[in-house]
Structures are given as structure tokens and as C-alpha cells.
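Pasted below: my_file.txt, compact mmCIF, C-alpha atoms.
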# COMPACT_ATOMS: atom_id res chain seq x y z
CA THR A 1 12.96 -6.48 -9.57
CA LEU A 2 10.71 -6.00 -12.59
CA LEU A 3 8.59 -3.34 -10.86
CA LYS A 4 11.71 -1.56 -9.63
CA ALA A 5 13.18 -1.51 -13.14
CA LEU A 6 9.90 -0.34 -14.69
CA SER A 7 9.62 2.46 -12.14
CA ARG A 8 13.27 3.53 -12.48
CA LEU A 9 14.17 2.53 -8.93
CA LEU A 10 16.68 0.04 -10.32
CA ASN A 11 19.03 0.55 -13.25
CA THR A 12 18.90 -2.16 -15.87
CA LYS A 13 22.12 -3.82 -16.99
CA SER A 14 20.97 -3.99 -20.59
CA GLY A 15 18.01 -2.96 -22.69
CA GLU A 16 15.79 0.07 -22.45
CA ILE A 17 12.39 0.77 -20.94
CA TYR A 18 10.00 3.19 -22.62
CA LEU A 19 6.97 4.92 -21.18
CA ASP A 20 4.73 6.84 -23.57
CA GLY A 21 7.35 6.47 -26.30
CA LYS A 22 10.17 7.98 -24.24
CA ASN A 23 13.04 6.22 -22.47
CA ILE A 24 12.31 6.38 -18.74
CA HIS A 25 15.87 7.46 -18.01
CA VAL A 26 15.38 10.76 -19.87
CA GLN A 27 12.14 11.55 -18.04
CA SER A 28 12.12 13.44 -14.75
CA THR A 29 10.93 11.73 -11.59
CA LYS A 30 7.96 14.08 -11.42
CA GLU A 31 7.09 13.33 -15.06
CA ILE A 32 7.09 9.59 -14.34
CA ALA A 33 5.12 10.09 -11.10
CA LYS A 34 2.37 11.76 -13.13
CA LYS A 35 2.07 8.53 -15.16
CA ILE A 36 2.84 5.73 -12.68
CA ALA A 37 1.88 5.34 -9.02
CA ILE A 38 3.94 2.85 -7.02
CA LEU A 39 2.90 1.08 -3.84
CA PRO A 40 5.94 -0.76 -2.45
CA GLN A 41 5.76 -3.85 -0.28
CA SER A 42 5.30 -2.97 3.42
CA PRO A 43 5.56 0.84 3.27
CA ASP A 44 6.23 2.73 6.51
CA VAL A 45 4.40 5.79 7.78
CA ALA A 46 5.45 8.43 10.31
CA ASP A 47 3.76 8.26 13.72
CA GLY A 48 0.71 10.48 14.00
CA LEU A 49 0.24 10.97 10.26
CA THR A 50 -3.47 10.86 9.44
CA ALA A 51 -4.99 8.90 6.60
CA GLY A 52 -5.95 12.14 4.84
CA GLU A 53 -2.43 13.53 5.14
CA LEU A 54 -0.94 10.35 3.71
CA VAL A 55 -3.36 10.33 0.78
CA SER A 56 -2.49 13.98 0.08
CA TYR A 57 1.12 12.93 -0.58
CA GLY A 58 -0.17 11.38 -3.79
CA ARG A 59 -0.69 14.88 -5.15
CA PHE A 60 3.01 15.80 -4.87
CA PRO A 61 3.80 15.28 -8.59
CA HIS A 62 1.12 17.82 -9.51
CA GLN A 63 2.15 20.55 -7.06
CA LYS A 64 4.22 23.60 -7.78
CA GLY A 65 6.29 25.70 -5.41
CA PHE A 66 5.67 25.01 -1.76
CA GLY A 67 3.07 22.37 -2.45
CA ARG A 68 -0.14 23.87 -1.13
CA LEU A 69 -3.17 21.79 -2.01
CA ASN A 70 -5.44 23.47 -4.54
CA GLU A 71 -9.08 22.66 -5.27
CA GLU A 72 -8.14 20.02 -7.88
CA ASP A 73 -5.85 18.32 -5.34
CA LYS A 74 -8.59 18.29 -2.69
CA LYS A 75 -11.07 16.80 -5.17
CA ALA A 76 -8.57 14.08 -6.17
CA ILE A 77 -7.90 13.23 -2.50
CA ASP A 78 -11.62 13.10 -1.69
CA TRP A 79 -12.33 10.94 -4.77
CA ALA A 80 -9.50 8.51 -3.94
CA MET A 81 -10.68 8.14 -0.34
CA ARG A 82 -14.29 7.61 -1.39
CA VAL A 83 -13.39 4.99 -4.03
CA THR A 84 -11.27 3.06 -1.52
CA GLY A 85 -13.79 3.41 1.33
CA THR A 86 -11.32 5.28 3.54
CA ILE A 87 -13.09 8.66 3.82
CA ASP A 88 -14.56 7.78 7.25
CA PHE A 89 -11.12 7.60 8.83
CA LYS A 90 -9.58 10.57 7.05
CA HIS A 91 -8.65 12.16 10.40
CA ARG A 92 -7.43 8.98 12.13
CA ALA A 93 -3.75 8.15 12.51
CA VAL A 94 -2.68 5.58 9.92
CA ASN A 95 -0.90 3.52 12.60
CA ASP A 96 -4.21 3.15 14.49
CA LEU A 97 -5.92 1.49 11.51
CA SER A 98 -6.27 -2.22 10.82
CA GLY A 99 -3.99 -3.83 8.24
CA GLY A 100 -6.72 -3.83 5.59
CA GLN A 101 -7.68 -0.21 6.29
CA ARG A 102 -4.04 0.85 6.19
CA GLN A 103 -3.50 -0.89 2.85
CA ARG A 104 -6.59 0.80 1.40
CA VAL A 105 -5.23 4.19 2.54
CA TRP A 106 -1.96 3.48 0.71
CA ILE A 107 -3.93 2.53 -2.41
CA ALA A 108 -5.91 5.77 -2.01
CA MET A 109 -2.62 7.67 -1.99
CA ALA A 110 -1.64 5.98 -5.26
CA LEU A 111 -5.07 6.79 -6.73
CA ALA A 112 -4.81 10.44 -5.68
CA GLN A 113 -1.83 10.69 -8.03
CA LYS A 114 -4.37 10.32 -10.86
CA THR A 115 -2.14 8.08 -12.95
CA ASP A 116 -3.23 5.59 -15.59
CA ILE A 117 -0.90 2.91 -14.19
CA ILE A 118 -0.45 1.61 -10.63
CA PHE A 119 2.30 -0.80 -9.58
CA LEU A 120 1.45 -2.85 -6.48
CA ASP A 121 4.18 -4.92 -4.86
CA GLU A 122 2.51 -7.62 -2.78
CA PRO A 123 -0.38 -5.46 -1.55
CA THR A 124 -1.87 -8.37 0.42
CA THR A 125 1.24 -9.28 2.42
CA TYR A 126 0.65 -9.60 6.19
CA LEU A 127 -3.13 -9.38 5.77
CA ASP A 128 -5.62 -12.02 6.87
CA ILE A 129 -7.65 -13.73 4.15
CA SER A 130 -10.69 -11.43 4.45
CA HIS A 131 -8.52 -8.31 4.09
CA GLN A 132 -6.64 -9.93 1.19
CA LEU A 133 -9.91 -10.51 -0.65
CA GLU A 134 -11.03 -6.95 0.14
CA ILE A 135 -7.85 -5.51 -1.41
CA LEU A 136 -8.04 -7.77 -4.48
CA GLU A 137 -11.70 -6.84 -5.04
CA LEU A 138 -10.81 -3.15 -4.75
CA VAL A 139 -8.00 -3.53 -7.30
CA GLN A 140 -10.34 -5.37 -9.68
CA GLU A 141 -12.93 -2.59 -9.28
CA LEU A 142 -10.31 0.10 -10.00
CA ASN A 143 -9.45 -1.64 -13.24
CA ALA A 144 -13.02 -2.39 -14.31
CA GLU A 145 -14.73 0.86 -13.31
CA HIS A 146 -11.97 3.44 -13.63
CA GLY A 147 -9.80 1.94 -16.38
CA THR A 148 -6.70 1.95 -14.21
CA THR A 149 -3.96 -0.39 -15.43
CA ILE A 150 -2.80 -2.47 -12.48
CA ILE A 151 0.55 -4.25 -12.50
CA MET A 152 0.72 -6.35 -9.37
CA VAL A 153 3.15 -8.82 -7.84
CA LEU A 154 1.52 -11.53 -5.72
CA HIS A 155 3.26 -14.53 -4.19
CA ASP A 156 0.38 -15.96 -2.17
CA ILE A 157 -2.43 -16.98 -4.49
Would you put the structure from the file into C-alpha cells?
Amino acid sequence: TLLKALSRLLNTKSGEIYLDGKNIHVQSTKEIAKKIAILPQSPDVADGLTAGELVSYGRFPHQKGFGRLNEEDKKAIDWAMRVTGTIDFKHRAVNDLSGGQRQRVWIAMALAQKTDIIFLDEPTTYLDISHQLEILELVQELNAEHGTTIIMVLHDI
């Protein structure tokens, strides 16, 4: 509920939420998406969509017109996939990946948005312990090495 309210997916009954000194309800969705990346719990992906295609969706807030990827977009996608260790399966279907690989691809999509803040809603759900640790180490690295603010909900600690 907190993440949904902070990301404007849920209207609050009282109070106000500000992002960069502005009420989130007066900011456009694209404006917010340039500041906050959101990874919901158990996201779905269309059959046949490749890891690279999914990560490219993270560039949507920065695109104009018909959304062709420019050089800056391609660099952001490549960087996000390298940081998350997903570049080797860029051309593989997301549904053919393991749970840990799939989760890293979703995190790469959020990183490709090039935001300062990432909301993660139970990013380790349905993963075995080794994949859970892998995801948590990646998130810690993103914070420590890239200065990304991570707001994460975890129930299984």
C-alpha cells in the first residue's frame, strides 16, 4: 500500500505526497516515471518477448513521438543489462529464463529508466534462497556503487 501510494497507483485518503518539492498528483505520469522506477510483485510478460525488448520498455518515459530508441536509449539499455548481468541473454525469451534471471531482467528494465529511486515490491518472492541472495546482493550493489535509492518491501527475511 505504501509503495502504491508513493508511486501514485493508489489515491491517499488524507495527506499529501511530495516528490522533488511538488505534489505527486500535479505531476504527469511521464514526469514521475523519469524519477521513480517501480517493479511490482510478480510482474507478467508477453510470450516471446526477449529480455532486451523488456529492458527497452524502461526507456519509455524518455521517448518522444513513436518511441524509436535513440543512441542514449541504447546505451542505457546496454548499461542496465551489463550491471545486472543479463546481457548474455538479451535475445532470449523472458519466459525461458530462470526465476533469478527473469527478476534480474525486470530490475534491468527499472535501471534503464535511469531514475534516482527504485521501488521493489517483494523482488525475491517465488525465488529459491540462492536466487534471493543474488537479487539482494544486486540491489545492495546498485545502492553502493551507483547511488540508487532503493525502497523495497520484503516479507521473507
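Picture a line from atom CA of Ile77 of chain A to atom CA of Arg104 of chain A; it runs 13.1 Å.
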What are the closest atom pairs, with distances in Å to one decimal, for all residues of segment 28-92 of chain A lying within 12 Å of segment 127-146 of chain A? Consider all atoms listed in the file, order rows by chain and residue number, and present the result as a tab-separated table.
residue	atom	partner	partner_atom	distance
A:Ser42	CA	A:Leu127	CA	10.8
A:Trp79	CA	A:His146	CA	11.6
A:Ala80	CA	A:Leu142	CA	10.4
A:Arg82	CA	A:Leu138	CA	11.8
A:Val83	CA	A:Leu142	CA	8.3
A:Thr84	CA	A:Leu138	CA	7.0
A:Gly85	CA	A:Leu138	CA	9.4
A:Thr86	CA	A:Leu138	CA	11.8
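The smallest atom-to-atom distance between Lys35 of chain A and any of A:Leu19, A:Leu69, A:Leu49, A:Ala5, using only C-alpha atoms, is found for A:Leu19.
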For Lys114 of chain A: contacts at 9 Å, only C-alpha atoms, fewer than 3 positions along chain excluded, given as a count of residues only: 11
Å distance separating atom CA of Thr115 of chain A from atom CA of Leu9 of chain A, one decimal place: 17.7 Å
Atom-to-atom span, atom CA of Asp116 of chain A and atom CA of Thr148 of chain A, Å: 5.2 Å
Pick from A:Leu54, A:Ile32, A:Val26, A:Ile38 nearest to Met109 of chain A, counting all atoms listed in the file: A:Leu54
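Here the question is which of A:Gly15, A:Val105, A:Val45, A:Ala112 gets nearest to Pro61 of chain A using all atoms listed in the file, and that residue is A:Ala112.
The closest residue to Ser56 of chain A, picked from A:Gln103, A:Gln113, A:Asn95, A:Thr124 and counting all atoms listed in the file, is A:Gln113.
Distances to Lys30 of chain A were evaluated for A:Lys64, A:Glu53, A:Asp47, A:Lys13 using only C-alpha atoms, and the minimum falls at A:Lys64.
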Polymer residues at most 8 Å from Gln41 of chain A, all atoms listed in the file, same-chain spacing of 2 or more positions, as a PyMOL selection string: chain A and resi 39+43+120-123+125
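Within 9 Å of Thr50 of chain A, once all atoms listed in the file are used and residues closer than 5 positions along the same chain are dropped, the contacting residues are Val55, Phe89, Lys90, His91, Arg92, Ala93, Val94 and Asn95 of chain A.
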Give the centre and edge lengths of an axis-aligned box, in Å to one decimal, that holds all listed atoms of segment 15-25 of chain A with 5 Å on each side, as lines of an AutoDock Vina configuration file.
center_x = 11.4
center_y = 2.5
center_z = -22.2
size_x = 23.3
size_y = 20.9
size_z = 18.3
Which of A:Val153, A:Ile87, A:Ile118, A:Leu3 sits closest to Gly52 of chain A [using only C-alpha atoms]: A:Ile87
